[in-house]
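Q: My file is final.csv. It has CSV, C-alpha atoms:
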chain,number,residue,atom,x,y,z
A,3,MET,CA,-76.7,-32.4,73.2
A,4,THR,CA,-75.3,-28.8,73.3
A,5,SER,CA,-73.3,-28.1,76.4
A,6,ARG,CA,-72.7,-25.1,78.5
A,7,VAL,CA,-69.6,-24.1,80.5
A,8,GLU,CA,-69.6,-23.4,84.3
A,9,ARG,CA,-66.7,-23.0,86.8
A,10,CYS,CA,-66.1,-25.3,89.7
A,11,SER,CA,-66.6,-23.4,93.0
A,12,GLY,CA,-63.7,-25.4,94.6
A,13,CYS,CA,-60.8,-25.2,92.1
A,14,GLY,CA,-62.1,-23.0,89.3
A,15,ARG,CA,-61.8,-25.6,86.6
A,16,GLN,CA,-64.2,-25.4,83.6
A,17,LEU,CA,-67.0,-27.9,83.8
A,18,TRP,CA,-68.8,-28.9,80.5
A,19,LEU,CA,-72.5,-29.6,81.3
A,20,PRO,CA,-75.7,-30.4,79.6
A,21,PRO,CA,-78.3,-27.6,79.6
A,22,GLN,CA,-80.5,-29.2,82.3
A,23,ALA,CA,-77.8,-29.8,85.0
A,24,VAL,CA,-78.4,-28.0,88.3
A,25,ALA,CA,-75.3,-29.3,90.2
A,26,ALA,CA,-72.1,-31.0,89.3
A,27,ARG,CA,-69.2,-32.7,91.1
A,28,CYS,CA,-65.8,-31.7,89.8
A,29,TYR,CA,-63.6,-34.4,88.2
A,30,ALA,CA,-60.5,-33.0,89.9
A,31,CYS,CA,-61.3,-31.7,93.4
A,32,ARG,CA,-64.7,-33.5,93.7
A,33,SER,CA,-66.3,-30.3,95.0
A,34,VAL,CA,-70.1,-30.0,94.3
A,35,THR,CA,-71.2,-26.7,92.6
A,36,SER,CA,-74.8,-25.8,92.2
A,37,PHE,CA,-76.3,-23.5,89.5
A,38,PRO,CA,-79.7,-23.1,88.0
A,39,SER,CA,-80.5,-24.8,84.8
A,40,SER,CA,-82.0,-22.7,82.0
A,41,SER,CA,-84.9,-25.2,81.6
A,42,GLN,CA,-85.9,-24.8,85.3
A,43,ARG,CA,-87.4,-21.4,84.5
A,44,TRP,CA,-90.1,-23.1,82.5
A,45,ALA,CA,-90.7,-26.2,84.7
A,46,GLN,CA,-93.4,-24.8,86.9
A,47,VAL,CA,-95.6,-23.7,84.0
A,48,TYR,CA,-94.7,-26.1,81.2
A,49,GLY,CA,-92.9,-29.0,82.8
A,50,SER,CA,-89.4,-30.2,81.9
A,51,VAL,CA,-88.7,-31.2,78.3
A,52,SER,CA,-85.1,-32.1,78.7
A,53,GLN,CA,-84.0,-35.7,78.4
A,54,PRO,CA,-82.3,-37.2,81.5
A,55,HIS,CA,-78.5,-37.5,81.4
A,56,HIS,CA,-76.8,-40.8,81.9
A,57,ASN,CA,-74.7,-39.7,84.8
A,58,VAL,CA,-77.2,-37.7,86.9
A,59,VAL,CA,-77.3,-39.1,90.4
A,60,THR,CA,-80.3,-38.1,92.6
A,61,THR,CA,-79.5,-36.8,96.1
A,62,GLU,CA,-81.7,-35.3,98.8
A,63,THR,CA,-80.9,-31.7,97.6
A,64,ALA,CA,-80.4,-31.9,93.8
A,65,SER,CA,-79.5,-34.0,90.8
A,66,ILE,CA,-75.7,-33.9,90.8
A,67,LEU,CA,-73.8,-34.6,87.6
A,68,ASP,CA,-70.6,-36.5,88.1
A,69,ILE,CA,-67.9,-35.0,85.8
A,70,ASP,CA,-65.4,-37.7,85.3
A,71,GLN,CA,-63.2,-36.1,82.8
A,72,PRO,CA,-62.9,-32.9,80.7
A,73,ARG,CA,-65.2,-32.6,77.7
A,74,PRO,CA,-63.5,-33.5,74.4
A,75,ALA,CA,-62.7,-30.7,72.0
A,76,TRP,CA,-65.5,-31.6,69.7
A,77,SER,CA,-68.4,-34.0,69.5
A,78,PRO,CA,-70.9,-34.5,66.7
A,79,PRO,CA,-74.5,-33.2,67.1
A,80,PRO,CA,-77.1,-35.8,67.8
A,81,VAL,CA,-78.9,-37.3,64.7
A,82,TYR,CA,-82.3,-37.2,66.4
A,83,GLY,CA,-83.3,-34.5,68.9
A,84,ARG,CA,-86.3,-33.5,70.9
A,85,LYS,CA,-89.8,-32.9,69.7
A,86,LYS,CA,-91.7,-29.9,71.1
A,87,ALA,CA,-94.9,-28.3,70.1
A,88,LEU,CA,-97.0,-25.2,71.0
A,89,LEU,CA,-100.7,-25.5,70.1
A,90,CYS,CA,-102.7,-22.3,70.5
A,91,GLY,CA,-106.4,-22.0,69.9
A,92,VAL,CA,-108.4,-18.8,70.6
A,93,THR,CA,-112.2,-18.8,70.6
A,94,TYR,CA,-112.8,-15.3,72.0
A,95,ASN,CA,-115.7,-16.4,74.2
A,96,ASP,CA,-118.6,-14.0,74.8
A,97,THR,CA,-117.6,-11.6,72.0
A,98,ASN,CA,-119.3,-10.8,68.7
A,99,TYR,CA,-116.3,-12.3,66.8
A,100,MET,CA,-116.3,-15.6,68.7
A,101,LEU,CA,-114.8,-18.6,66.8
A,102,ILE,CA,-116.3,-22.1,67.3
A,103,GLY,CA,-113.6,-24.3,65.8
A,104,SER,CA,-110.3,-23.2,67.3
A,105,ILE,CA,-110.3,-25.5,70.3
A,106,ASN,CA,-111.3,-28.4,68.0
A,107,ASP,CA,-108.3,-27.5,65.8
A,108,VAL,CA,-106.0,-27.8,68.8
A,109,LYS,CA,-107.4,-31.1,69.9
A,110,SER,CA,-107.1,-32.5,66.4
A,111,MET,CA,-103.5,-31.3,66.0
A,112,TRP,CA,-102.6,-32.7,69.5
A,113,PHE,CA,-103.9,-36.1,68.4
A,114,LEU,CA,-101.9,-36.0,65.1
A,115,LEU,CA,-98.7,-35.0,66.8
A,116,VAL,CA,-98.9,-37.2,69.9
A,117,ARG,CA,-100.9,-40.3,68.8
A,118,MET,CA,-99.6,-40.5,65.3
A,119,LEU,CA,-96.2,-38.7,65.0
A,120,GLY,CA,-94.6,-39.6,68.3
A,121,PHE,CA,-94.4,-36.2,70.0
A,122,PRO,CA,-94.2,-36.7,73.8
A,123,SER,CA,-97.3,-35.5,75.4
A,124,ASP,CA,-95.4,-33.6,78.1
A,125,CYS,CA,-93.5,-31.7,75.4
A,126,VAL,CA,-96.7,-30.3,73.9
A,127,VAL,CA,-98.0,-27.1,75.4
A,128,ILE,CA,-101.7,-26.2,74.8
A,129,LEU,CA,-103.1,-22.7,75.2
A,130,THR,CA,-106.9,-22.5,75.1
A,131,GLU,CA,-109.7,-20.9,77.1
A,132,GLU,CA,-110.7,-24.3,78.4
A,133,GLU,CA,-107.4,-24.6,80.4
A,134,LYS,CA,-107.7,-24.3,84.2
A,135,ASN,CA,-104.1,-23.1,84.6
A,136,PRO,CA,-104.1,-19.3,84.2
A,137,TYR,CA,-100.7,-19.5,82.4
A,138,ARG,CA,-102.3,-21.7,79.7
A,139,ILE,CA,-104.9,-19.1,78.7
A,140,PRO,CA,-104.0,-17.6,75.3
A,141,THR,CA,-103.4,-14.1,76.4
A,142,LYS,CA,-100.7,-12.0,74.7
A,143,GLN,CA,-98.3,-12.5,77.6
A,144,ASN,CA,-98.9,-16.2,77.8
A,145,ILE,CA,-98.4,-16.7,74.0
A,146,ARG,CA,-95.2,-14.7,74.2
A,147,THR,CA,-93.9,-16.8,77.1
A,148,ALA,CA,-94.9,-20.0,75.4
A,149,MET,CA,-93.2,-19.1,72.1
A,150,ARG,CA,-90.0,-18.3,74.1
A,151,TRP,CA,-90.4,-21.8,75.8
A,152,LEU,CA,-90.7,-23.4,72.3
A,153,ALA,CA,-87.4,-22.0,71.1
A,154,GLN,CA,-85.6,-22.3,74.5
A,155,ASP,CA,-82.4,-24.4,74.4
A,156,CYS,CA,-83.1,-25.5,70.9
A,157,GLN,CA,-80.4,-27.9,69.7
A,158,PRO,CA,-79.4,-29.6,66.4
A,159,GLY,CA,-81.8,-32.4,65.7
A,160,ASP,CA,-84.8,-30.7,67.5
A,161,SER,CA,-88.2,-30.6,65.7
A,162,LEU,CA,-90.5,-27.8,66.8
A,163,VAL,CA,-94.1,-27.2,65.9
A,164,PHE,CA,-96.1,-24.0,66.3
A,165,HIS,CA,-99.9,-24.3,65.6
A,166,TYR,CA,-102.2,-21.3,65.9
A,167,SER,CA,-105.9,-21.2,65.2
A,168,GLY,CA,-107.6,-17.9,65.8
A,169,HIS,CA,-108.1,-14.5,64.3
A,170,GLY,CA,-105.5,-12.8,62.3
A,171,SER,CA,-105.2,-9.3,61.1
A,172,ARG,CA,-102.9,-6.7,59.4
A,173,GLN,CA,-101.5,-3.4,60.4
A,174,LYS,CA,-99.4,-0.7,58.8
A,175,ASP,CA,-95.7,-1.6,58.5
A,176,TYR,CA,-93.8,1.1,60.3
A,177,ASN,CA,-90.2,-0.3,60.0
A,178,LYS,CA,-90.4,-0.7,56.2
A,179,ASP,CA,-89.5,-4.4,56.0
A,180,GLU,CA,-92.6,-5.6,54.2
A,181,LEU,CA,-93.0,-5.6,50.4
A,182,ASP,CA,-96.8,-4.9,50.7
A,183,GLY,CA,-96.5,-2.3,53.4
A,184,PHE,CA,-98.3,-4.3,56.0
A,185,ASP,CA,-97.3,-6.4,59.0
A,186,GLU,CA,-99.4,-9.6,59.6
A,187,THR,CA,-100.5,-10.4,63.1
A,188,ILE,CA,-102.1,-13.0,65.3
A,189,CYS,CA,-104.8,-11.9,67.8
A,190,PRO,CA,-104.5,-13.1,71.4
A,191,LEU,CA,-107.6,-13.4,73.6
A,192,ASP,CA,-106.8,-9.9,75.1
A,193,HIS,CA,-105.8,-8.2,71.8
A,194,GLU,CA,-108.4,-5.4,72.3
A,195,THR,CA,-106.5,-4.1,75.3
A,196,GLU,CA,-103.0,-5.5,74.8
A,197,GLY,CA,-102.8,-5.4,71.1
A,198,PRO,CA,-101.9,-8.2,68.6
A,199,ILE,CA,-98.6,-10.0,68.2
A,200,ILE,CA,-97.0,-8.9,64.9
A,201,ASP,CA,-94.9,-11.0,62.5
A,202,ASP,CA,-91.7,-9.2,63.4
A,203,GLU,CA,-91.9,-10.5,67.0
A,204,ILE,CA,-92.9,-14.0,66.0
A,205,ASN,CA,-89.9,-14.2,63.7
A,206,ALA,CA,-87.5,-12.9,66.3
A,207,THR,CA,-88.8,-15.3,68.9
A,208,ILE,CA,-89.1,-18.7,67.2
A,209,VAL,CA,-87.4,-18.3,63.8
A,210,ARG,CA,-84.1,-16.5,64.3
A,211,PRO,CA,-82.9,-18.6,67.3
A,212,LEU,CA,-83.1,-21.9,65.3
A,213,PRO,CA,-79.5,-23.4,65.1
A,214,ARG,CA,-78.2,-25.5,62.3
A,215,GLY,CA,-79.8,-29.0,62.3
A,216,ALA,CA,-83.0,-27.8,64.0
A,217,LYS,CA,-86.3,-27.3,62.2
A,218,LEU,CA,-89.6,-25.5,62.9
A,219,HIS,CA,-92.9,-26.1,61.2
A,220,ALA,CA,-95.7,-23.6,61.8
A,221,ILE,CA,-99.3,-24.3,60.9
A,222,ILE,CA,-101.2,-21.0,61.0
A,223,ASP,CA,-105.0,-21.1,60.6
A,224,SER,CA,-106.0,-17.5,60.5
A,225,CYS,CA,-106.9,-14.7,58.1
A,226,TYR,CA,-104.1,-12.7,56.4
A,227,SER,CA,-101.5,-15.3,57.5
A,228,GLY,CA,-99.5,-15.9,54.3
A,229,THR,CA,-96.3,-14.3,55.7
A,230,VAL,CA,-97.1,-14.2,59.4
A,231,LEU,CA,-93.7,-15.7,60.3
A,232,ASP,CA,-91.9,-13.2,58.1
A,233,LEU,CA,-89.9,-15.9,56.3
A,234,PRO,CA,-87.9,-14.7,53.3
A,235,PHE,CA,-89.3,-17.0,50.6
A,236,VAL,CA,-93.0,-17.7,49.6
A,237,CYS,CA,-93.8,-20.6,47.3
A,238,LYS,CA,-96.3,-20.0,44.5
A,239,ILE,CA,-97.6,-23.2,43.0
A,240,ASN,CA,-99.7,-23.9,39.9
A,241,SER,CA,-100.4,-27.5,39.2
A,242,GLU,CA,-97.0,-29.2,39.0
A,243,GLU,CA,-95.1,-25.9,38.5
A,244,TYR,CA,-93.9,-23.7,41.3
A,245,LYS,CA,-91.6,-20.8,42.0
A,246,TRP,CA,-90.2,-19.2,45.1
A,247,GLU,CA,-90.8,-15.5,45.6
A,248,ASP,CA,-88.2,-13.5,47.5
A,249,GLN,CA,-89.8,-11.4,50.2
A,250,ARG,CA,-86.6,-9.8,51.4
A,251,ILE,CA,-85.9,-6.1,51.3
A,252,PRO,CA,-82.1,-5.2,51.2
A,253,THR,CA,-82.4,-2.4,53.8
A,254,ALA,CA,-84.5,-4.5,56.2
A,255,CYS,CA,-83.2,-6.4,59.2
A,256,TYR,CA,-82.1,-10.0,59.1
A,257,LYS,CA,-85.2,-12.3,59.3
A,258,CYS,CA,-83.8,-15.8,58.7
A,259,THR,CA,-82.6,-18.5,61.1
A,260,SER,CA,-79.3,-19.2,62.8
A,261,GLY,CA,-78.7,-22.1,60.5
A,262,GLY,CA,-81.8,-24.2,61.0
A,263,ILE,CA,-84.8,-24.4,58.7
A,264,ALA,CA,-88.2,-22.8,59.3
A,265,LEU,CA,-91.3,-23.6,57.3
A,266,SER,CA,-94.8,-22.3,57.6
A,267,PHE,CA,-98.1,-23.6,56.2
A,268,SER,CA,-100.7,-20.8,56.3
A,269,ALA,CA,-104.4,-20.8,55.7
A,270,CYS,CA,-104.3,-18.2,53.0
A,271,SER,CA,-102.4,-15.4,51.4
A,272,ASP,CA,-101.8,-12.0,53.1
A,273,ASN,CA,-104.9,-10.5,51.5
A,274,GLN,CA,-107.3,-13.4,52.0
A,275,THR,CA,-109.5,-14.6,54.8
A,276,SER,CA,-109.9,-18.1,56.1
A,277,ALA,CA,-113.0,-20.1,56.9
A,278,SER,CA,-114.3,-22.8,59.2
A,279,THR,CA,-116.1,-26.0,58.2
A,280,SER,CA,-117.9,-29.0,59.7
A,281,ALA,CA,-117.4,-31.1,56.5
A,282,PHE,CA,-114.2,-32.7,57.9
A,283,SER,CA,-115.9,-34.4,60.9
A,284,GLY,CA,-119.5,-34.2,59.8
A,285,LYS,CA,-120.5,-32.4,63.0
A,286,ASP,CA,-117.7,-30.5,64.8
A,287,VAL,CA,-116.6,-27.2,63.4
A,288,THR,CA,-112.9,-26.9,62.6
A,289,GLY,CA,-110.7,-24.6,60.5
A,290,ALA,CA,-110.7,-25.6,56.9
A,291,MET,CA,-106.9,-25.2,56.7
A,292,THR,CA,-106.2,-27.3,59.9
A,293,SER,CA,-108.6,-30.0,58.7
A,294,SER,CA,-107.1,-30.2,55.2
A,295,PHE,CA,-103.5,-30.3,56.6
A,296,ILE,CA,-104.3,-33.2,59.0
A,297,GLN,CA,-106.3,-35.0,56.4
A,298,ALA,CA,-103.4,-34.9,53.9
A,299,VAL,CA,-100.8,-36.0,56.5
A,300,LYS,CA,-103.0,-38.9,57.6
A,301,ASN,CA,-103.9,-40.1,54.1
A,302,GLU,CA,-100.4,-40.0,52.6
A,303,PRO,CA,-97.7,-41.0,55.0
A,304,CYS,CA,-94.7,-40.2,52.7
A,305,LEU,CA,-95.9,-37.1,50.9
A,306,THR,CA,-93.6,-34.2,49.8
A,307,TYR,CA,-94.1,-30.6,50.7
A,308,GLY,CA,-95.4,-30.0,47.2
A,309,ARG,CA,-97.9,-32.8,47.4
A,310,LEU,CA,-99.0,-31.6,50.9
A,311,LEU,CA,-99.6,-28.1,49.7
A,312,THR,CA,-101.4,-29.4,46.6
A,313,ALA,CA,-103.6,-31.7,48.6
A,314,MET,CA,-104.6,-28.9,51.0
A,315,GLY,CA,-105.4,-26.6,48.1
A,316,ASP,CA,-107.6,-29.4,46.5
A,317,ALA,CA,-109.4,-30.2,49.7
A,318,ILE,CA,-110.3,-26.8,51.0
A,319,PRO,CA,-112.9,-26.0,48.4
A,320,SER,CA,-114.7,-29.3,49.1
A,321,LEU,CA,-114.7,-28.5,52.8
A,322,MET,CA,-116.3,-25.1,52.4
A,323,PRO,CA,-120.0,-24.4,52.7
A,324,ASN,CA,-121.8,-24.3,49.3
A,325,ASP,CA,-123.0,-20.7,49.8
A,326,THR,CA,-119.6,-19.2,50.6
A,327,ASP,CA,-117.7,-16.9,48.3
A,328,VAL,CA,-114.4,-17.1,50.3
A,329,ILE,CA,-111.3,-17.7,48.1
A,330,GLN,CA,-108.8,-19.4,50.4
A,331,GLU,CA,-105.4,-20.6,49.0
A,332,PRO,CA,-103.0,-22.2,51.5
A,333,GLN,CA,-99.5,-20.9,51.4
A,334,LEU,CA,-96.0,-22.3,52.1
A,335,SER,CA,-93.2,-20.1,53.1
A,336,ALA,CA,-89.7,-21.0,54.2
A,337,SER,CA,-86.3,-19.8,55.4
A,338,GLU,CA,-84.6,-21.3,52.4
A,339,THR,CA,-85.7,-22.6,48.9
A,340,PHE,CA,-85.8,-26.3,48.0
A,341,ASP,CA,-87.5,-28.6,45.5
A,342,ILE,CA,-91.0,-29.0,47.0
A,343,PHE,CA,-91.8,-32.1,44.9
A,344,THR,CA,-88.7,-34.1,46.1
A,345,LYS,CA,-88.3,-33.0,49.7
A,346,GLN,CA,-90.2,-35.2,52.0
A,347,PHE,CA,-92.4,-33.6,54.7
A,348,ILE,CA,-91.3,-34.8,58.1
A,349,LEU,CA,-92.3,-33.4,61.5
Kindly present the structure from the file in structure tokens form.

A:
Amino acid sequence: MTSRVERCSGCGRQLWLPPQAVAARCYACRSVTSFPSSSQRWAQVYGSVSQPHHNVVTTETASILDIDQPRPAWSPPPVYGRKKALLCGVTYNDTNYMLIGSINDVKSMWFLLVRMLGFPSDCVVILTEEEKNPYRIPTKQNIRTAMRWLAQDCQPGDSLVFHYSGHGSRQKDYNKDELDGFDETICPLDHETEGPIIDDEINATIVRPLPRGAKLHAIIDSCYSGTVLDLPFVCKINSEEYKWEDQRIPTACYKCTSGGIALSFSACSDNQTSASTSAFSGKDVTGAMTSSFIQAVKNEPCLTYGRLLTAMGDAIPSLMPNDTDVIQEPQLSASETFDIFTKQFIL
């Protein structure tokens, strides 16, 4: 667990603390010093996601951490960290562009993560129009806040998931960091008045903060979503052959992580649209991309990234209505290149 440094209010000595500590007793003078934990800022809306510390002692006023000795000069990062997920489904109720399947996508993804893959339910934040808490409605401000929560206090060993099901769009690239001249966007519930969230902001919020040893998986079920995380490499696959295409522009700003790895499965390329289907469940409408992703992960427990991408590409045509002319090719992008047919997919 990454530590932070605070000063004892009694003797001024440095105290090495876990991120969630709100009070500590000095190992030297035994004075108690109080200070806000960074995770407290999110507790009222999202609940605490920090793990309890061995030495926290509950008192009437706070949880006081007993500091028995100075922190050693170095300690290895944990092998396994926390699992956190943000699931966002936007249906745009009462509009002429309403989507039916977005909430079903979120519910299906929640079941996969919590019931099958061991994500703690209190570490999974859901934003949909069904939520009663106003901070859980997928407005632009709430999605921004939730993305910051997802990356907040990210540590080596952490596994983060960002799932979005809703409308996507494109707009002209004004800062000249896109090869195709367009920024990809996601469309919050209030995008008509507040505007979309562009790929530059998504990258800055949940990609660039990732420290070494942490990983982020994004599952984006929307139109024009191929590079919506602005990751530097896009995988192009043809049967058992693939190649990584470099999306970087030398004069553009840095768009990679702080040492971690970020990967994104998108519904389609930047110039394609995505579709919904009822073929997966037989009655409930879901996004074809979300359905094919979940189906592949459930059916093949030890699949590689290449096998997952191939399975999704094979499944989507069979999930589409017979009368559709939509061409939808799922995409994989990443912050670094790797052998997609040997690297195992693990959330």

Q: Residues at most 12 Å from Val299 of chain A, counting all atoms listed in the file, excluding those fewer than 2 positions away in the same chain, as a list of chain:residue names?

A: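 Once the nearby chain positions are removed, what remains is A:Met111, A:Leu114, A:Leu115, A:Met118, A:Leu119, A:Thr292, A:Ser293, A:Ser294, A:Phe295, A:Ile296, A:Gln297, A:Asn301, A:Glu302, A:Pro303, A:Cys304, A:Leu305, A:Thr306, A:Tyr307, A:Arg309, A:Leu310, A:Leu311, A:Thr312, A:Ala313, A:Met314, A:Gln346, A:Phe347, A:Ile348, A:Leu349.
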
Q: Expressed in Å to a single decimal, how great is the separation between atom CA of Asp155 of chain A and atom CA of Phe113 of chain A?

A: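 About the pair atom CA of Asp155 of chain A and atom CA of Phe113 of chain A: they are 25.2 Å apart.
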
Q: Go through A:Glu331, A:Glu186, A:Asp341, A:Glu203 one by one, measure the shortest atom-to-atom distance of each to Arg150 of chain A using only C-alpha atoms, and give the residue with the smallest value.

A: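 Among the listed residues, the smallest separation from Arg150 of chain A belongs to A:Glu203.
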
Q: Please provide the set of residues having any atom within 7 Å of Gly168 of chain A, restricted to all atoms listed in the file, with same-chain residues fewer than 4 positions apart removed, written as a ChimeraX atom specification.

A: /A:91-93,104,189,223-224

Q: Between A:Leu191, A:Cys125, A:Leu334, A:Ile222, which residue has the minimum interatomic distance to Val108 of chain A, considering all atoms listed in the file?

A: A:Ile222

Q: Pick out the closest residue to Cys156 of chain A from this set: A:Val236, A:Gly103, A:Glu133, A:Ile208. Count only C-alpha atoms.

A: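 Once distances to Cys156 of chain A are computed over only C-alpha atoms, the minimum belongs to A:Ile208.
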
Q: Rank nothing, just name the residue among A:Ile199, A:Ile145, A:Leu218, A:Ile329 nearest to Val230 of chain A, using all atoms listed in the file.

A: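 Of the candidates, the smallest distance to Val230 of chain A is held by A:Ile199.
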
Q: Could you jot down the atom CA of Tyr166 of chain A to atom CA of Ser271 of chain A separation for me, Å, one decimal place?

A: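 Atom-to-atom, atom CA of Tyr166 of chain A and atom CA of Ser271 of chain A are spaced 15.7 Å apart.
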
Q: Got a sec: who's within 6 Å of segment 261-267 of chain A, counting only C-alpha atoms, leaving out chain neighbours fewer than 6 positions off, as a PyMOL selection string?

A: chain A and resi 212-221+333-337

Q: One decimal, in Å: what's the spacing between atom CA of Thr288 of chain A and atom CA of Ala269 of chain A?

A: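 Atom CA of Ala269 of chain A lies at a distance of 12.5 Å from atom CA of Thr288 of chain A.
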
Q: Just checking: using all atoms listed in the file, which residue out of A:Ile204, A:Leu231, A:Ile342, A:Leu321 ends up closest to Trp246 of chain A?

A: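 For Trp246 of chain A, the nearest of the given residues is A:Ile342.
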
Q: Given all atoms listed in the file as the basis, pick out the residue of A:Glu338, A:Glu194, A:Thr344, A:Val209 nearest to Thr97 of chain A.

A: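 That would be A:Glu194, the residue with the smallest distance to Thr97 of chain A.
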